[in-house]
Amino acid sequence: MLLERYTMLLFGVCMKYLKEEEQAKDAVQQVFLKALAEMPKYRIENVGGWLYQVARNLCLSSLRGRREHAGEEQLQYVAQPEEVPVSLLVEKEKDIDRLKAELANLKEDQRVCVAAFYLEKKSYSQIAEATGFSIKQVKSHIQNGKRNLRIRLEAGS
Amino acid sequence: MSKKHKIEDRGAGIDEDRLLDYIEGRMPPDEEYRLETILESDPFLNDAVEGLAEVKDRAQLRAIAAQINVQLRRQVRSRRRQRRGHKLTEGQGWLMVLIVLLLVLLAWWVIRVAVK
């Protein structure tokens, strides 16, 4: 069945936001119930993307419901939608020079992680081992560095 | 259903075994890096990996997914049954028409007798 291909991924997404296995399992069931009811009505081309949005919205509304118990911090885990990838902003040689220049302007932690990941092609765990950061910190530095690079490159284009 | 499910989203493809290998840290560095470049541009997969990594007993992940799938199949079966319950077959439809006609005839006959 098509939906079964996404069970593990959806459970992971719901775990990320809800942090509780039982609640995550219930949330996946609710996503599937919605999918069974809604999918036959529409022509959905990106089933995975649609399921992801449904799961995220469901988790976020559940988190909003229990915000007073959970505190605001859980909502900070919401992934930001992917904007224009940095690679698309760097098409010409002069752009690569600009990228290198902007890279130097990033904060030290972000610069080290972005350069190691994108230029030296090192995995998160290799970067973590080399820098002493946790994998979560490495990912965070790459994300923030990428975002700051994008902002700087877009501002200059 | 096959044991391995190919998971595809936004052009990225990864099967459950590889996903679990990555979460368990059993993947060679070059493959790990390739997967991470996908994670960087695929929020669905990225969120899923982060969430799965938070499960305490990761050996249970397959069992959890299987349990959810059993529930899903139950829901699908029950929906099919409901749909079948609401739909009349062609034979049942004609039988209903016949019953209505007989009732009309009976009513007509009763009225006719009563008038006489």
# chains A, B, ... in the order shown; residues from 1 in each chain; ligands from 1

call {"tool": "interface_residues", "arguments": {"of": "chain A", "to": "chain B", "cutoff": "8 Å", "atoms": "only C-alpha atoms", "output": "CSV table (one decimal) with N, CA, C and O atoms, in the first residue's frame"}}
result
chain,number,residue,atom,x,y,z
A,1,MET,N,0.8,-1.2,0.0
A,1,MET,CA,0.0,0.0,0.0
A,1,MET,C,0.9,1.3,0.0
A,1,MET,O,1.9,1.3,0.7
A,4,GLU,N,2.0,3.0,3.3
A,4,GLU,CA,2.9,2.3,4.2
A,4,GLU,C,4.4,2.6,3.9
A,4,GLU,O,5.2,2.5,4.8
A,5,ARG,N,4.7,3.1,2.7
A,5,ARG,CA,6.0,3.6,2.4
A,5,ARG,C,6.5,4.7,3.3
A,5,ARG,O,7.6,5.0,3.4
A,6,TYR,N,5.5,5.5,3.8
A,6,TYR,CA,5.8,6.7,4.5
A,6,TYR,C,5.7,6.5,6.0
A,6,TYR,O,5.9,7.5,6.8
A,7,THR,N,5.3,5.3,6.5
A,7,THR,CA,5.0,5.1,7.9
A,7,THR,C,6.2,5.5,8.8
A,7,THR,O,6.1,6.3,9.7
A,8,MET,N,7.4,5.0,8.5
A,8,MET,CA,8.6,5.2,9.3
A,8,MET,C,8.9,6.7,9.3
A,8,MET,O,9.2,7.3,10.3
A,9,LEU,N,8.9,7.3,8.1
A,9,LEU,CA,9.2,8.7,8.0
A,9,LEU,C,8.2,9.6,8.8
A,9,LEU,O,8.6,10.5,9.5
A,10,LEU,N,7.0,9.3,8.7
A,10,LEU,CA,5.9,10.1,9.4
A,10,LEU,C,6.1,9.9,10.9
A,10,LEU,O,5.9,10.8,11.6
A,11,PHE,N,6.4,8.6,11.3
A,11,PHE,CA,6.6,8.4,12.7
A,11,PHE,C,7.8,9.3,13.2
A,11,PHE,O,7.7,9.9,14.3
A,12,GLY,N,8.8,9.3,12.4
A,12,GLY,CA,10.0,10.1,12.8
A,12,GLY,C,9.6,11.6,12.9
A,12,GLY,O,10.0,12.3,13.9
A,13,VAL,N,8.9,12.1,11.9
A,13,VAL,CA,8.5,13.5,11.9
A,13,VAL,C,7.6,13.8,13.2
A,13,VAL,O,7.9,14.8,13.9
A,14,CYS,N,6.7,12.9,13.5
A,14,CYS,CA,5.8,13.1,14.7
A,14,CYS,C,6.6,13.0,16.0
A,14,CYS,O,6.4,13.7,16.9
A,15,MET,N,7.6,12.1,16.0
A,15,MET,CA,8.5,12.0,17.1
A,15,MET,C,9.3,13.3,17.4
A,15,MET,O,9.5,13.7,18.5
A,16,LYS,N,9.7,13.8,16.3
A,16,LYS,CA,10.6,15.0,16.4
A,16,LYS,C,9.8,16.2,17.1
A,16,LYS,O,10.3,16.8,17.9
A,17,TYR,N,8.5,16.3,16.7
A,17,TYR,CA,7.7,17.4,17.3
A,17,TYR,C,7.1,17.0,18.7
A,17,TYR,O,7.1,17.8,19.6
A,19,LYS,N,7.7,14.2,20.7
A,19,LYS,CA,8.7,13.6,21.7
A,19,LYS,C,8.2,12.4,22.4
A,19,LYS,O,8.9,11.8,23.2
A,21,GLU,N,6.4,8.6,22.1
A,21,GLU,CA,6.2,7.5,21.1
A,21,GLU,C,4.7,7.3,20.9
A,21,GLU,O,4.2,7.1,19.8
A,25,LYS,N,2.7,7.8,17.5
A,25,LYS,CA,1.9,6.7,16.8
A,25,LYS,C,0.5,7.2,16.5
A,25,LYS,O,0.0,7.0,15.4
A,28,VAL,N,0.4,9.6,13.6
A,28,VAL,CA,0.6,9.0,12.3
A,28,VAL,C,-0.8,8.4,11.9
A,28,VAL,O,-1.2,8.5,10.7
A,29,GLN,N,-1.5,7.8,12.8
A,29,GLN,CA,-2.8,7.2,12.5
A,29,GLN,C,-3.7,8.3,12.0
A,29,GLN,O,-4.5,8.1,11.1
A,32,PHE,N,-2.9,9.3,8.5
A,32,PHE,CA,-3.4,8.3,7.6
A,32,PHE,C,-5.0,8.4,7.4
A,32,PHE,O,-5.5,8.2,6.3
A,33,LEU,N,-5.7,8.6,8.5
A,33,LEU,CA,-7.1,8.8,8.5
A,33,LEU,C,-7.5,10.0,7.5
A,33,LEU,O,-8.4,9.9,6.7
A,36,LEU,N,-6.7,9.0,3.9
A,36,LEU,CA,-7.7,8.1,3.4
A,36,LEU,C,-9.0,8.8,3.0
A,36,LEU,O,-9.6,8.5,2.0
A,46,ASN,N,2.7,15.1,-5.3
A,46,ASN,CA,3.8,14.8,-4.3
A,46,ASN,C,3.2,14.3,-3.0
A,46,ASN,O,2.9,15.1,-2.1
A,48,GLY,N,4.4,12.4,-0.7
A,48,GLY,CA,5.2,12.5,0.5
A,48,GLY,C,5.2,13.9,1.0
A,48,GLY,O,5.0,14.1,2.2
A,49,GLY,N,5.3,14.9,0.1
A,49,GLY,CA,5.2,16.3,0.6
A,49,GLY,C,3.9,16.7,1.3
A,49,GLY,O,3.9,17.4,2.3
A,52,TYR,N,3.7,15.0,4.6
A,52,TYR,CA,4.6,15.7,5.6
A,52,TYR,C,3.9,17.0,6.1
A,52,TYR,O,4.0,17.3,7.3
A,79,ALA,N,10.9,23.1,11.4
A,79,ALA,CA,11.9,23.3,10.3
A,79,ALA,C,11.4,24.4,9.4
A,79,ALA,O,10.2,24.5,9.2
A,81,PRO,N,10.9,26.1,5.8
A,81,PRO,CA,10.8,25.6,4.4
A,81,PRO,C,12.1,26.0,3.7
A,81,PRO,O,12.7,27.1,3.9
A,82,GLU,N,12.6,25.1,2.8
A,82,GLU,CA,13.8,25.3,2.1
A,82,GLU,C,13.6,26.5,1.1
A,82,GLU,O,12.6,26.6,0.4
A,85,PRO,N,18.2,27.3,-2.9
A,85,PRO,CA,19.4,26.7,-2.4
A,85,PRO,C,20.6,27.6,-2.7
A,85,PRO,O,20.6,28.3,-3.8
A,121,LYS,N,33.5,18.1,2.0
A,121,LYS,CA,32.6,17.0,1.8
A,121,LYS,C,32.7,16.0,3.0
A,121,LYS,O,32.8,14.8,2.8
A,122,LYS,N,32.8,16.6,4.2
A,122,LYS,CA,32.8,15.7,5.4
A,122,LYS,C,31.4,15.5,6.0
A,122,LYS,O,30.6,16.4,5.9
A,123,SER,N,31.2,14.3,6.5
A,123,SER,CA,29.9,14.1,7.1
A,123,SER,C,29.7,14.8,8.5
A,123,SER,O,30.7,15.2,9.0
A,124,TYR,N,28.5,14.8,9.0
A,124,TYR,CA,28.3,15.5,10.3
A,124,TYR,C,29.2,14.9,11.4
A,124,TYR,O,29.7,15.6,12.2
A,126,GLN,N,32.0,13.3,11.1
A,126,GLN,CA,33.4,13.6,10.9
A,126,GLN,C,33.7,15.0,11.3
A,126,GLN,O,34.7,15.3,12.0

call {"tool": "select_by_dssp", "arguments": {"residues": "chain B", "states": "alpha helix (DSSP H)", "output": "PyMOL selection string"}}
result
chain B and resi 16-23+29-41+43-52+61-86+90-115

call {"tool": "atom_distance", "arguments": {"atom1": "CA of Asp26 (chain A)", "atom2": "CA of Ile44 (chain A)"}}
result
23.5 Å

call {"tool": "select_by_dssp", "arguments": {"residues": "chain B", "states": "strand (DSSP E or B)", "output": "JSON, numbers by chain"}}
result
{"B": [6, 7, 8, 9, 12, 13, 14, 15]}

call {"tool": "atom_distance", "arguments": {"atom1": "CA of Ala63 (chain B)", "atom2": "CA of Tyr22 (chain B)"}}
result
18.0 Å
